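A.B. asks: I have a structure here, written as structure tokens, and I will follow up with some questions on it.
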Amino acid sequence: MHNTEETTPIEEKKSLNFIEQRIEADLAAGKNGGRLQTRFPPEPNGYLHIGHAKAIAMDFGVAHKYGGVCNLRFDDTNPQKEDDEYVEAIKRDIEWLGYKWGRICYASDYFQELWDFAVGLIRRGRAYVDEQSAEVIAQQKGTPTQPGVNSPYRDRPVEESLALFNEMNSGRMEPGKMVLRAKIDMANPNMHFRDPIMYRVMNIPHYRTGDKWNAYPMYDFTHGQSDYFEGVTHSICTLEFVVHRPLYDLFIDWLKETRGDDAVMDDNRPRQFEFNKLNLSYTLMSKRNLLLLVKEGLVSGWDDPRMPTICGFRRHGYSPESINNFIKKIGYTTFDALNEIALLESSVREDLNTRADRVAAVIDPLKLVITNYPKGQSEQMTAVNNPEDPESGTHEVTFSRELWIEREDFMEDAPKKFFRLGPGKEVRLKNGYIIKCPEDNFCKKDENGNIIEVYAEYDPDTKSGMPGADRKIKGKTLHWVSVEHCRQCEVRLYDRLWMVENPRDEKARLTKEEGLTDLEAMKRMMNPDSLKVLKNCYIEEWAADKKPGDYLQFQRIGYFMPDPDTTPEHPVYNRTVGLRDNAKR
């Protein structure tokens, strides 16, 4: 009998994204000798953000899926901004997301080969040293509708350019005084073909190569050649590199000629493909923006849970699985879109629901006294760690006469449809008893009229697990912790850092139309309530010793994780996300 639910080959093909389809076609055609090799090439000038996670999932994911290899290559051609701190952070983030690289490479590994290639291009008349300023060069490039103007140095003798190129790396030349440019076509409709800059003088020591180099290659001159040197077959980039692709291919063609690699390049040249970036609502990305937030102290650091960095999401309590699942949901296309952050938050709820231990914590405490429960007595209640995971087990929670409950779970003048605790109302205590608040003498107030204690009586026949526990009541089930058997803790309630849906575009508008600086624009958009710190909170003892990396659900409140600031004497918890989407608030 035919199973209509089986996936057909046509359906399997449709389920592949367009890059996977292209890779399968290349492998089937035997291109690159049937090899698949990708690379993830971050610049070590900051911490990775969630936009990088999408590229990581693609680069490492397709390599794993099709039995290939993905290298981690650091694009370290700008020593002014790069540091080993960022190298190590990037490695940690990739491993946390669950991916493994084939080998670690650096663009700086190829500085000598790139230099030799540039020298070869000068000798062939395809590159020249230009002495004009960056401003003049930019003006001479023209516009997309107007051709550029040749540099007066474009036809300088080869030997002169060679001598000046060596001088650029001597350490004696002033930065910005000369550049090496490729000689292509100043009238080409693709602006990137209008004699692009290949090398510039910086005179800055490199964190890996020291003082050996004073002239450094530009990204466009480095990227494709590094792919070739490593044996990359598929160079997967984001959409802004579409217009760079012809230059990528041209430089590889020139490299082929210079090295005499015609015999192998036809079959083993790297191929560039582009997909859409991850744009997320209420999120501002780009390392430049994030670095500004850190430097100005607007956040506590790169791993501030309000930051869109991968380490920020980790500290926030997101799981790597939730991020990877979110990326699968949004997919890969060839057009940009703004993805809703609510979808990411939904993904983390779905994932943490299956893995987070349920614990009792009270973040706005009000004392509840069970007046007919014996003084000095306590008993153990059994709590299920995670009802979604039968293997998660149980733990014991202590019940006693005095409990902490949430202040919002009691109302003195409760309306008819208020199904929590109030005068004459019954509720069930989670894993405990049914209790009832008296009609009068139900609370104690301070001199300002604030309620500081509420009173109730318990029904001893309604303990969880006993036959009487099935008694039906209208009231809700409330969470609680025992006053004598809990730990005081700090809870940090994080919300979105930005008040506008598209902070990238709004920042651009504010800087252009109102003349604000980047910092002024960012301060105007920031949410003043993005962090609330609650210090007078309580959590059950079993959960008080949890560590960063342990996923928790505070019952009826949301998902939380212990912060690295937590100590045995002072537990600290970060809210990851609420139990439901409260964005409308």
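Chain lettering (A, B, ...) mirrors the order of the structure tokens, residue numbering begins at 1 for each chain separately, and ligand numbering begins at 1 in order of display.
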Taking 5 positions as the minimum chain separation for residues in the same chain, which residues sit within 12 Å of Gln380 (chain A) when counting only C-alpha atoms? Answer as a PyMOL selection string.
C.D. replies: chain A and resi 395-400+431-432+463-464+481-482+485
A.B. asks: Write out, as a compact mmCIF listing (two decimals), in the first residue's frame, the residues just selected, with N, CA and C atoms.
C.D. replies:
```
# COMPACT_ATOMS: atom_id res chain seq x y z
N HIS A 395 11.84 16.93 42.12
CA HIS A 395 12.59 17.40 43.27
C HIS A 395 11.60 17.79 44.36
N GLU A 396 12.12 17.98 45.57
CA GLU A 396 11.28 18.28 46.71
C GLU A 396 11.26 19.77 47.01
N VAL A 397 10.07 20.27 47.35
CA VAL A 397 9.88 21.67 47.73
C VAL A 397 9.26 21.69 49.12
N THR A 398 9.77 22.54 50.01
CA THR A 398 9.28 22.58 51.39
C THR A 398 8.10 23.53 51.51
N PHE A 399 7.03 23.02 52.16
CA PHE A 399 5.82 23.80 52.45
C PHE A 399 5.79 24.11 53.94
N SER A 400 5.35 25.34 54.28
CA SER A 400 5.29 25.71 55.70
C SER A 400 4.15 26.71 55.91
N ASN A 431 1.43 22.22 43.68
CA ASN A 431 2.00 21.07 44.39
C ASN A 431 1.63 21.04 45.87
N GLY A 432 0.63 21.86 46.28
CA GLY A 432 0.29 21.97 47.70
C GLY A 432 -1.19 21.73 47.95
N LYS A 463 -4.25 18.03 49.66
CA LYS A 463 -2.85 18.02 49.27
C LYS A 463 -2.69 17.39 47.89
N SER A 464 -1.81 17.93 47.12
CA SER A 464 -1.57 17.41 45.77
C SER A 464 -1.25 15.92 45.83
N VAL A 481 6.75 30.18 47.49
CA VAL A 481 7.95 29.61 48.12
C VAL A 481 7.80 29.79 49.62
N SER A 482 8.38 28.89 50.37
CA SER A 482 8.33 28.97 51.83
C SER A 482 9.28 30.06 52.32
N HIS A 485 12.29 28.56 53.83
CA HIS A 485 13.02 27.56 53.05
C HIS A 485 13.23 28.04 51.61
```
A.B. asks: Could you tell me, as a compact mmCIF listing (two decimals) with N, CA, C and O atoms, in the first residue's frame, which residues of region 87-272 of chain A DSSP assigns to helix (DSSP H, G or I) when given the backbone?
C.D. replies:
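Produced file states_12.txt, reproduced below:
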```txt
# COMPACT_ATOMS: atom_id res chain seq x y z
N VAL A 87 39.19 37.04 18.28
CA VAL A 87 39.42 35.71 17.70
C VAL A 87 38.89 34.63 18.63
O VAL A 87 38.14 33.73 18.22
N GLU A 88 39.25 34.72 19.90
CA GLU A 88 38.82 33.70 20.87
C GLU A 88 37.31 33.74 21.08
O GLU A 88 36.68 32.69 21.23
N ALA A 89 36.75 34.95 21.11
CA ALA A 89 35.29 35.06 21.29
C ALA A 89 34.54 34.44 20.12
O ALA A 89 33.51 33.77 20.32
N ILE A 90 35.02 34.66 18.92
CA ILE A 90 34.37 34.09 17.73
C ILE A 90 34.41 32.58 17.78
O ILE A 90 33.41 31.90 17.48
N LYS A 91 35.53 32.02 18.16
CA LYS A 91 35.64 30.55 18.26
C LYS A 91 34.66 30.00 19.30
O LYS A 91 33.99 28.99 19.06
N ARG A 92 34.56 30.68 20.44
CA ARG A 92 33.62 30.22 21.48
C ARG A 92 32.18 30.24 20.96
O ARG A 92 31.40 29.30 21.21
N ASP A 93 31.82 31.30 20.25
CA ASP A 93 30.44 31.44 19.78
C ASP A 93 30.09 30.37 18.76
O ASP A 93 28.98 29.82 18.78
N ILE A 94 31.00 30.08 17.85
CA ILE A 94 30.74 29.05 16.84
C ILE A 94 30.56 27.69 17.50
O ILE A 94 29.63 26.93 17.17
N GLU A 95 31.42 27.39 18.46
CA GLU A 95 31.31 26.10 19.16
C GLU A 95 30.02 26.03 19.96
O GLU A 95 29.36 24.97 20.01
N TRP A 96 29.63 27.14 20.58
CA TRP A 96 28.38 27.15 21.35
C TRP A 96 27.18 26.89 20.44
O TRP A 96 26.24 26.19 20.84
N ALA A 107 43.57 35.40 6.90
CA ALA A 107 43.98 36.10 5.69
C ALA A 107 45.46 36.48 5.79
O ALA A 107 46.18 36.49 4.78
N SER A 108 45.92 36.76 7.00
CA SER A 108 47.33 37.13 7.19
C SER A 108 48.28 35.97 6.86
O SER A 108 49.47 36.19 6.66
N ASP A 109 47.75 34.73 6.82
CA ASP A 109 48.58 33.60 6.39
C ASP A 109 49.07 33.81 4.96
O ASP A 109 50.11 33.23 4.57
N TYR A 110 48.32 34.60 4.18
CA TYR A 110 48.59 34.72 2.75
C TYR A 110 49.19 36.09 2.38
O TYR A 110 49.23 36.43 1.19
N PHE A 111 49.63 36.85 3.37
CA PHE A 111 50.15 38.19 3.06
C PHE A 111 51.30 38.12 2.05
O PHE A 111 51.38 38.96 1.14
N GLN A 112 52.19 37.16 2.18
CA GLN A 112 53.32 37.08 1.24
C GLN A 112 52.83 36.68 -0.15
O GLN A 112 53.27 37.26 -1.16
N GLU A 113 51.93 35.71 -0.22
CA GLU A 113 51.41 35.28 -1.51
C GLU A 113 50.62 36.41 -2.19
O GLU A 113 50.70 36.59 -3.41
N LEU A 114 49.85 37.16 -1.41
CA LEU A 114 49.11 38.28 -1.97
C LEU A 114 50.06 39.37 -2.47
O LEU A 114 49.83 40.00 -3.52
N TRP A 115 51.12 39.61 -1.70
CA TRP A 115 52.12 40.61 -2.12
C TRP A 115 52.77 40.18 -3.44
O TRP A 115 52.90 40.98 -4.36
N ASP A 116 53.14 38.90 -3.51
CA ASP A 116 53.76 38.40 -4.74
C ASP A 116 52.80 38.50 -5.92
O ASP A 116 53.22 38.82 -7.05
N PHE A 117 51.52 38.23 -5.67
CA PHE A 117 50.52 38.35 -6.72
C PHE A 117 50.42 39.80 -7.19
O PHE A 117 50.37 40.09 -8.39
N ALA A 118 50.41 40.74 -6.24
CA ALA A 118 50.32 42.16 -6.60
C ALA A 118 51.54 42.58 -7.42
O ALA A 118 51.42 43.32 -8.40
N VAL A 119 52.71 42.11 -7.02
CA VAL A 119 53.93 42.42 -7.78
C VAL A 119 53.81 41.89 -9.20
O VAL A 119 54.17 42.57 -10.19
N GLY A 120 53.26 40.67 -9.35
CA GLY A 120 53.06 40.09 -10.67
C GLY A 120 52.11 40.92 -11.52
O GLY A 120 52.32 41.06 -12.74
N LEU A 121 51.07 41.47 -10.90
CA LEU A 121 50.13 42.31 -11.64
C LEU A 121 50.78 43.61 -12.09
O LEU A 121 50.51 44.11 -13.20
N ILE A 122 51.64 44.18 -11.26
CA ILE A 122 52.36 45.39 -11.66
C ILE A 122 53.24 45.08 -12.88
O ILE A 122 53.26 45.83 -13.87
N ARG A 123 53.95 43.96 -12.81
CA ARG A 123 54.83 43.59 -13.92
C ARG A 123 54.05 43.38 -15.21
O ARG A 123 54.56 43.65 -16.31
N ALA A 134 42.69 60.09 -1.10
CA ALA A 134 41.48 59.28 -1.16
C ALA A 134 40.30 60.09 -1.69
O ALA A 134 39.45 59.57 -2.43
N GLU A 135 40.24 61.37 -1.32
CA GLU A 135 39.14 62.23 -1.76
C GLU A 135 39.18 62.44 -3.27
O GLU A 135 38.15 62.36 -3.94
N VAL A 136 40.37 62.67 -3.81
CA VAL A 136 40.50 62.88 -5.26
C VAL A 136 40.17 61.59 -6.02
O VAL A 136 39.47 61.62 -7.03
N ILE A 137 40.66 60.48 -5.52
CA ILE A 137 40.37 59.20 -6.17
C ILE A 137 38.88 58.94 -6.20
O ILE A 137 38.31 58.49 -7.21
N ALA A 138 38.20 59.24 -5.10
CA ALA A 138 36.75 59.04 -5.03
C ALA A 138 36.03 59.92 -6.05
O ALA A 138 35.08 59.48 -6.71
N GLN A 139 36.46 61.17 -6.17
CA GLN A 139 35.83 62.08 -7.13
C GLN A 139 36.05 61.61 -8.57
O GLN A 139 35.16 61.70 -9.41
N GLN A 140 37.24 61.10 -8.85
CA GLN A 140 37.56 60.67 -10.21
C GLN A 140 36.82 59.40 -10.62
O GLN A 140 36.75 59.08 -11.81
N VAL A 158 56.32 50.61 -15.22
CA VAL A 158 56.23 49.45 -14.33
C VAL A 158 57.31 49.51 -13.25
O VAL A 158 57.02 49.29 -12.05
N GLU A 159 58.54 49.78 -13.62
CA GLU A 159 59.63 49.77 -12.63
C GLU A 159 59.42 50.84 -11.57
O GLU A 159 59.77 50.65 -10.40
N GLU A 160 58.83 51.96 -11.97
CA GLU A 160 58.56 53.02 -10.99
C GLU A 160 57.49 52.58 -9.99
O GLU A 160 57.63 52.80 -8.78
N SER A 161 56.44 51.94 -10.49
CA SER A 161 55.40 51.42 -9.59
C SER A 161 55.96 50.34 -8.67
O SER A 161 55.62 50.28 -7.48
N LEU A 162 56.83 49.49 -9.20
CA LEU A 162 57.43 48.44 -8.36
C LEU A 162 58.24 49.05 -7.23
O LEU A 162 58.16 48.62 -6.08
N ALA A 163 59.02 50.07 -7.55
CA ALA A 163 59.86 50.71 -6.52
C ALA A 163 58.99 51.39 -5.47
O ALA A 163 59.27 51.30 -4.26
N LEU A 164 57.95 52.08 -5.94
CA LEU A 164 57.08 52.77 -4.99
C LEU A 164 56.27 51.77 -4.15
O LEU A 164 55.99 52.03 -2.97
N PHE A 165 55.89 50.66 -4.74
CA PHE A 165 55.15 49.64 -3.98
C PHE A 165 56.01 49.11 -2.85
O PHE A 165 55.53 48.93 -1.71
N ASN A 166 57.29 48.86 -3.13
CA ASN A 166 58.19 48.42 -2.06
C ASN A 166 58.34 49.51 -1.00
O ASN A 166 58.42 49.22 0.20
N GLU A 167 58.39 50.76 -1.43
CA GLU A 167 58.49 51.87 -0.48
C GLU A 167 57.25 51.96 0.41
O GLU A 167 57.34 52.33 1.59
N MET A 168 56.08 51.59 -0.14
CA MET A 168 54.84 51.60 0.65
C MET A 168 54.94 50.68 1.86
O MET A 168 54.30 50.92 2.89
N MET A 191 30.87 50.05 -10.61
CA MET A 191 31.80 50.97 -9.95
C MET A 191 33.01 50.26 -9.35
O MET A 191 34.08 50.84 -9.21
N HIS A 192 32.83 48.99 -8.98
CA HIS A 192 33.94 48.24 -8.35
C HIS A 192 35.04 47.93 -9.35
O HIS A 192 36.14 47.53 -8.93
N PHE A 193 34.77 48.08 -10.64
CA PHE A 193 35.78 47.83 -11.66
C PHE A 193 36.60 49.08 -11.98
O PHE A 193 37.55 49.01 -12.76
N TYR A 219 40.04 44.24 1.26
CA TYR A 219 39.19 43.05 1.33
C TYR A 219 38.96 42.43 -0.05
O TYR A 219 39.11 41.21 -0.22
N ASP A 220 38.58 43.25 -1.04
CA ASP A 220 38.25 42.69 -2.36
C ASP A 220 39.44 42.00 -3.00
O ASP A 220 39.27 41.09 -3.81
N PHE A 221 40.64 42.45 -2.67
CA PHE A 221 41.83 41.82 -3.23
C PHE A 221 42.23 40.58 -2.44
O PHE A 221 42.96 39.73 -2.95
N THR A 222 41.75 40.46 -1.24
CA THR A 222 42.15 39.36 -0.35
C THR A 222 41.19 38.18 -0.41
O THR A 222 41.60 37.02 -0.38
N HIS A 223 39.91 38.50 -0.50
CA HIS A 223 38.87 37.49 -0.25
C HIS A 223 38.93 36.32 -1.22
O HIS A 223 39.04 35.15 -0.81
N GLY A 224 38.82 36.61 -2.52
CA GLY A 224 38.79 35.53 -3.50
C GLY A 224 40.08 34.73 -3.55
O GLY A 224 40.06 33.50 -3.69
N GLN A 225 41.23 35.45 -3.42
CA GLN A 225 42.50 34.73 -3.46
C GLN A 225 42.65 33.81 -2.25
O GLN A 225 43.18 32.70 -2.37
N SER A 226 42.19 34.26 -1.09
CA SER A 226 42.24 33.41 0.10
C SER A 226 41.38 32.17 -0.11
O SER A 226 41.77 31.05 0.28
N ASP A 227 40.20 32.35 -0.72
CA ASP A 227 39.36 31.20 -1.04
C ASP A 227 40.11 30.21 -1.93
O ASP A 227 40.07 28.99 -1.72
N TYR A 228 40.80 30.75 -2.93
CA TYR A 228 41.54 29.87 -3.86
C TYR A 228 42.69 29.16 -3.15
O TYR A 228 42.88 27.95 -3.31
N PHE A 229 43.47 29.89 -2.37
CA PHE A 229 44.61 29.29 -1.68
C PHE A 229 44.16 28.13 -0.79
O PHE A 229 44.88 27.15 -0.62
N GLU A 230 42.97 28.25 -0.20
CA GLU A 230 42.48 27.23 0.74
C GLU A 230 41.74 26.08 0.06
O GLU A 230 41.43 25.08 0.70
N LEU A 239 24.01 39.48 0.31
CA LEU A 239 23.62 40.10 -0.95
C LEU A 239 24.44 41.33 -1.34
O LEU A 239 24.55 41.64 -2.53
N GLU A 240 25.01 42.05 -0.38
CA GLU A 240 25.76 43.24 -0.76
C GLU A 240 27.00 42.90 -1.59
O GLU A 240 27.62 43.77 -2.20
N PHE A 241 27.37 41.60 -1.62
CA PHE A 241 28.54 41.20 -2.40
C PHE A 241 28.18 40.77 -3.83
O PHE A 241 29.07 40.35 -4.57
N ARG A 245 30.97 40.37 -7.06
CA ARG A 245 31.27 39.06 -7.63
C ARG A 245 32.08 39.13 -8.93
O ARG A 245 33.05 38.36 -9.11
N PRO A 246 31.76 40.05 -9.87
CA PRO A 246 32.59 40.11 -11.09
C PRO A 246 34.06 40.41 -10.79
O PRO A 246 34.96 39.86 -11.44
N LEU A 247 34.31 41.28 -9.79
CA LEU A 247 35.69 41.58 -9.42
C LEU A 247 36.33 40.37 -8.75
O LEU A 247 37.51 40.07 -8.98
N TYR A 248 35.58 39.67 -7.93
CA TYR A 248 36.03 38.42 -7.30
C TYR A 248 36.51 37.45 -8.38
O TYR A 248 37.60 36.88 -8.30
N ASP A 249 35.69 37.28 -9.42
CA ASP A 249 36.04 36.35 -10.50
C ASP A 249 37.23 36.85 -11.31
O ASP A 249 38.09 36.06 -11.72
N LEU A 250 37.28 38.17 -11.56
CA LEU A 250 38.38 38.72 -12.36
C LEU A 250 39.72 38.52 -11.66
O LEU A 250 40.71 38.11 -12.29
N PHE A 251 39.77 38.82 -10.36
CA PHE A 251 41.03 38.65 -9.64
C PHE A 251 41.48 37.18 -9.66
O PHE A 251 42.69 36.89 -9.74
N ILE A 252 40.52 36.24 -9.58
CA ILE A 252 40.89 34.83 -9.63
C ILE A 252 41.40 34.48 -11.03
O ILE A 252 42.36 33.70 -11.17
N ASP A 253 40.79 35.05 -12.07
CA ASP A 253 41.31 34.84 -13.44
C ASP A 253 42.75 35.34 -13.53
O ASP A 253 43.62 34.68 -14.12
N TRP A 254 43.00 36.53 -13.00
CA TRP A 254 44.36 37.08 -13.04
C TRP A 254 45.33 36.22 -12.22
O TRP A 254 46.48 36.03 -12.61
N LEU A 255 44.84 35.73 -11.09
CA LEU A 255 45.68 34.87 -10.27
C LEU A 255 46.05 33.61 -11.04
O LEU A 255 47.19 33.13 -10.99
N LYS A 256 45.08 33.07 -11.74
CA LYS A 256 45.31 31.87 -12.56
C LYS A 256 46.42 32.12 -13.57
O LYS A 256 47.34 31.31 -13.73
N GLU A 257 46.36 33.27 -14.25
CA GLU A 257 47.37 33.61 -15.25
C GLU A 257 48.74 33.81 -14.61
O GLU A 257 49.76 33.32 -15.11
N THR A 258 48.77 34.55 -13.52
CA THR A 258 50.04 34.87 -12.87
C THR A 258 50.75 33.62 -12.36
O THR A 258 51.97 33.49 -12.45
N ARG A 259 49.96 32.69 -11.83
CA ARG A 259 50.55 31.47 -11.26
C ARG A 259 50.70 30.35 -12.27
O ARG A 259 51.29 29.32 -11.97
N ASP A 262 46.36 27.29 -15.17
CA ASP A 262 45.25 27.07 -16.10
C ASP A 262 44.75 25.63 -16.05
O ASP A 262 43.56 25.37 -16.21
N ALA A 263 45.64 24.69 -15.83
CA ALA A 263 45.25 23.28 -15.92
C ALA A 263 44.25 22.89 -14.84
O ALA A 263 43.40 22.02 -15.06
N VAL A 264 44.34 23.52 -13.68
CA VAL A 264 43.45 23.10 -12.59
C VAL A 264 42.36 24.11 -12.28
O VAL A 264 41.34 23.75 -11.70
N MET A 265 42.55 25.36 -12.65
CA MET A 265 41.61 26.39 -12.22
C MET A 265 40.22 26.21 -12.83
O MET A 265 39.23 26.56 -12.23
N ASP A 266 40.14 25.67 -14.06
CA ASP A 266 38.83 25.51 -14.67
C ASP A 266 37.95 24.61 -13.84
O ASP A 266 36.73 24.76 -13.80
N ASP A 267 38.55 23.64 -13.15
CA ASP A 267 37.77 22.69 -12.38
C ASP A 267 37.71 23.03 -10.90
O ASP A 267 36.83 22.58 -10.19
N ASN A 268 38.63 23.82 -10.40
CA ASN A 268 38.74 24.03 -8.95
C ASN A 268 38.61 25.48 -8.51
O ASN A 268 38.94 25.79 -7.37
```
A.B. asks: Using only C-alpha atoms, which of A:Glu321, A:Asp303, A:Glu296, A:Glu388 sits nearest Leu519 (chain A)?
C.D. replies: A:Glu296
A.B. asks: Show me, as a ChimeraX atom specification, the residues that have an atom within 6 Å of region 491-502 of chain A when counting only C-alpha atoms, minus same-chain residues fewer than 3 positions from it.
C.D. replies: /A:281-282,306,505,525-527,530-534,572-575
A.B. asks: Identify all residues of region 50-232 of chain A in strand (DSSP E) (DSSP on the backbone) and supply them as a VMD selection string.
C.D. replies: chain A and resid 69 to 74 104 to 106 127 to 130 179 to 182 197 to 201 215 to 217
A.B. asks: Could the residues in this selection be written to a file with N, CA, C and O atoms, as a compact mmCIF listing (two decimals), in the first residue's frame?
C.D. replies:
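So the final result, stored in selection.txt, reads:
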```
# COMPACT_ATOMS: atom_id res chain seq x y z
N VAL A 69 33.68 20.15 4.10
CA VAL A 69 34.38 20.74 5.23
C VAL A 69 34.22 22.25 5.17
O VAL A 69 34.15 22.83 4.10
N CYS A 70 34.12 22.87 6.34
CA CYS A 70 34.05 24.33 6.44
C CYS A 70 35.21 24.81 7.29
O CYS A 70 35.37 24.35 8.44
N ASN A 71 36.02 25.69 6.74
CA ASN A 71 37.11 26.28 7.51
C ASN A 71 36.65 27.57 8.17
O ASN A 71 35.76 28.25 7.67
N LEU A 72 37.26 27.88 9.28
CA LEU A 72 37.08 29.18 9.92
C LEU A 72 38.27 30.04 9.52
O LEU A 72 39.42 29.70 9.81
N ARG A 73 38.00 31.12 8.77
CA ARG A 73 39.08 32.00 8.33
C ARG A 73 38.86 33.41 8.84
O ARG A 73 37.82 34.02 8.59
N PHE A 74 39.84 33.92 9.55
CA PHE A 74 39.75 35.27 10.08
C PHE A 74 40.27 36.26 9.04
O PHE A 74 41.42 36.18 8.60
N ILE A 104 41.56 26.21 11.11
CA ILE A 104 41.52 27.65 11.30
C ILE A 104 42.56 28.29 10.39
O ILE A 104 43.73 27.88 10.37
N CYS A 105 42.13 29.28 9.62
CA CYS A 105 43.01 30.00 8.71
C CYS A 105 42.89 31.49 8.99
O CYS A 105 41.96 31.95 9.66
N TYR A 106 43.85 32.23 8.47
CA TYR A 106 43.85 33.69 8.60
C TYR A 106 44.21 34.28 7.25
O TYR A 106 45.08 33.75 6.54
N ALA A 127 48.46 46.82 -12.66
CA ALA A 127 48.35 47.54 -11.39
C ALA A 127 49.38 48.67 -11.40
O ALA A 127 50.41 48.59 -12.07
N TYR A 128 49.06 49.72 -10.63
CA TYR A 128 49.94 50.88 -10.58
C TYR A 128 49.80 51.58 -9.23
O TYR A 128 48.78 51.46 -8.54
N VAL A 129 50.85 52.28 -8.85
CA VAL A 129 50.83 53.05 -7.60
C VAL A 129 50.29 54.44 -7.91
O VAL A 129 50.76 55.12 -8.82
N ASP A 130 49.28 54.84 -7.12
CA ASP A 130 48.63 56.14 -7.29
C ASP A 130 48.98 57.02 -6.09
O ASP A 130 48.87 56.59 -4.95
N VAL A 179 48.62 54.52 -2.78
CA VAL A 179 47.87 53.26 -2.79
C VAL A 179 48.24 52.50 -4.06
O VAL A 179 48.72 53.10 -5.05
N LEU A 180 48.04 51.21 -4.03
CA LEU A 180 48.18 50.39 -5.23
C LEU A 180 46.79 50.12 -5.78
O LEU A 180 45.90 49.67 -5.05
N ARG A 181 46.60 50.42 -7.08
CA ARG A 181 45.29 50.23 -7.70
C ARG A 181 45.40 49.24 -8.85
O ARG A 181 46.42 49.17 -9.54
N ALA A 182 44.33 48.48 -9.05
CA ALA A 182 44.24 47.61 -10.21
C ALA A 182 43.86 48.44 -11.42
O ALA A 182 43.02 49.35 -11.32
N ILE A 197 41.22 49.97 -5.33
CA ILE A 197 42.43 49.98 -4.50
C ILE A 197 42.72 48.56 -4.01
O ILE A 197 41.82 47.86 -3.52
N MET A 198 43.95 48.14 -4.15
CA MET A 198 44.37 46.80 -3.73
C MET A 198 45.17 46.83 -2.42
O MET A 198 45.06 45.92 -1.60
N TYR A 199 45.99 47.88 -2.24
CA TYR A 199 46.82 48.01 -1.04
C TYR A 199 46.81 49.45 -0.55
O TYR A 199 46.72 50.39 -1.36
N ARG A 200 46.88 49.61 0.79
CA ARG A 200 47.03 50.94 1.37
C ARG A 200 48.10 50.89 2.45
O ARG A 200 48.37 49.82 3.03
N VAL A 201 48.70 52.03 2.74
CA VAL A 201 49.74 52.12 3.77
C VAL A 201 49.07 52.39 5.12
O VAL A 201 48.23 53.28 5.24
N ALA A 215 52.12 47.91 4.59
CA ALA A 215 51.07 48.06 3.59
C ALA A 215 50.21 46.80 3.65
O ALA A 215 50.74 45.68 3.68
N TYR A 216 48.91 47.00 3.68
CA TYR A 216 48.01 45.86 3.86
C TYR A 216 47.02 45.78 2.70
O TYR A 216 46.56 46.81 2.17
N PRO A 217 46.63 44.55 2.32
CA PRO A 217 45.71 44.38 1.19
C PRO A 217 44.28 44.72 1.58
O PRO A 217 43.88 44.58 2.74
```
A.B. asks: Using only C-alpha atoms, pick whichever of A:Lys367, A:Arg358, A:Arg315, A:Arg509 has the shortest atom-to-atom distance to Ala456 (chain A).
C.D. replies: A:Lys367
A.B. asks: Give the answer as one residue: which of A:Pro320, A:Gly422, A:Gly210, A:Gly475 has the shortest atom-to-atom distance to Leu368 (chain A), using only C-alpha atoms?
C.D. replies: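 Closest residue, counting only C-alpha atoms: A:Gly422.
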A.B. asks: Can you tell me how far CA of Glu82 (chain A) sits from CA of Leu298 (chain A), in Å to one decimal?
C.D. replies: 22.1 Å
A.B. asks: As a PyMOL selection string, please: the residues near region 33-37 of chain A (cut-off 6 Å, only C-alpha atoms, same-chain neighbours under 2 positions excluded).
C.D. replies: chain A and resi 27+30-31+68-70+232-233
A.B. asks: With only C-alpha atoms as the counted atoms, please give the residues lying no more than 12 Å from Asp83 (chain A), apart from itself and same-chain residues fewer than 6 positions off, as JSON, numbers by chain.
C.D. replies: {"A": [43, 44, 45, 46, 47, 74, 75, 76, 77, 89, 90, 205, 206, 207, 208]}
A.B. asks: Could you list, as a list in words, every residue within 9 Å of region 56-65 of chain A, counting only C-alpha atoms and ignoring same-chain residues fewer than 2 positions away?
C.D. replies: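 After dropping sequence-adjacent residues, the list is Ile19, Glu20, Ile23, Leu36, Gln37, Thr38, Arg39, Phe40, Gly51, His52, Ala53, Lys54, Gly67, Gly68, Val69, Cys70, Asn71, Ile94, Leu97, Tyr99, Lys100, Trp101, Ser235, Ile236, Asn324, Ile327, Lys328 and Tyr332 of chain A.
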A.B. asks: Of the residues A:Asp470, A:Glu453, A:Asp155, A:Glu24, which is the one nearest to Leu366 (chain A), using only C-alpha atoms?
C.D. replies: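 For Leu366 (chain A), the nearest of the given residues is A:Glu453.
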A.B. asks: One decimal, in Å: what's the spacing between CA of Arg428 (chain A) and CA of Ile473 (chain A)?
C.D. replies: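 Going from CA of Arg428 (chain A) over to CA of Ile473 (chain A), I get 8.1 Å.
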A.B. asks: Nearest to Val242 (chain A) among A:Phe273, A:Tyr559, A:Gly148, A:Thr333, with distances taken over only C-alpha atoms: which residue is it?
C.D. replies: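 Using only C-alpha atoms, Val242 (chain A) sits closest to A:Phe273.
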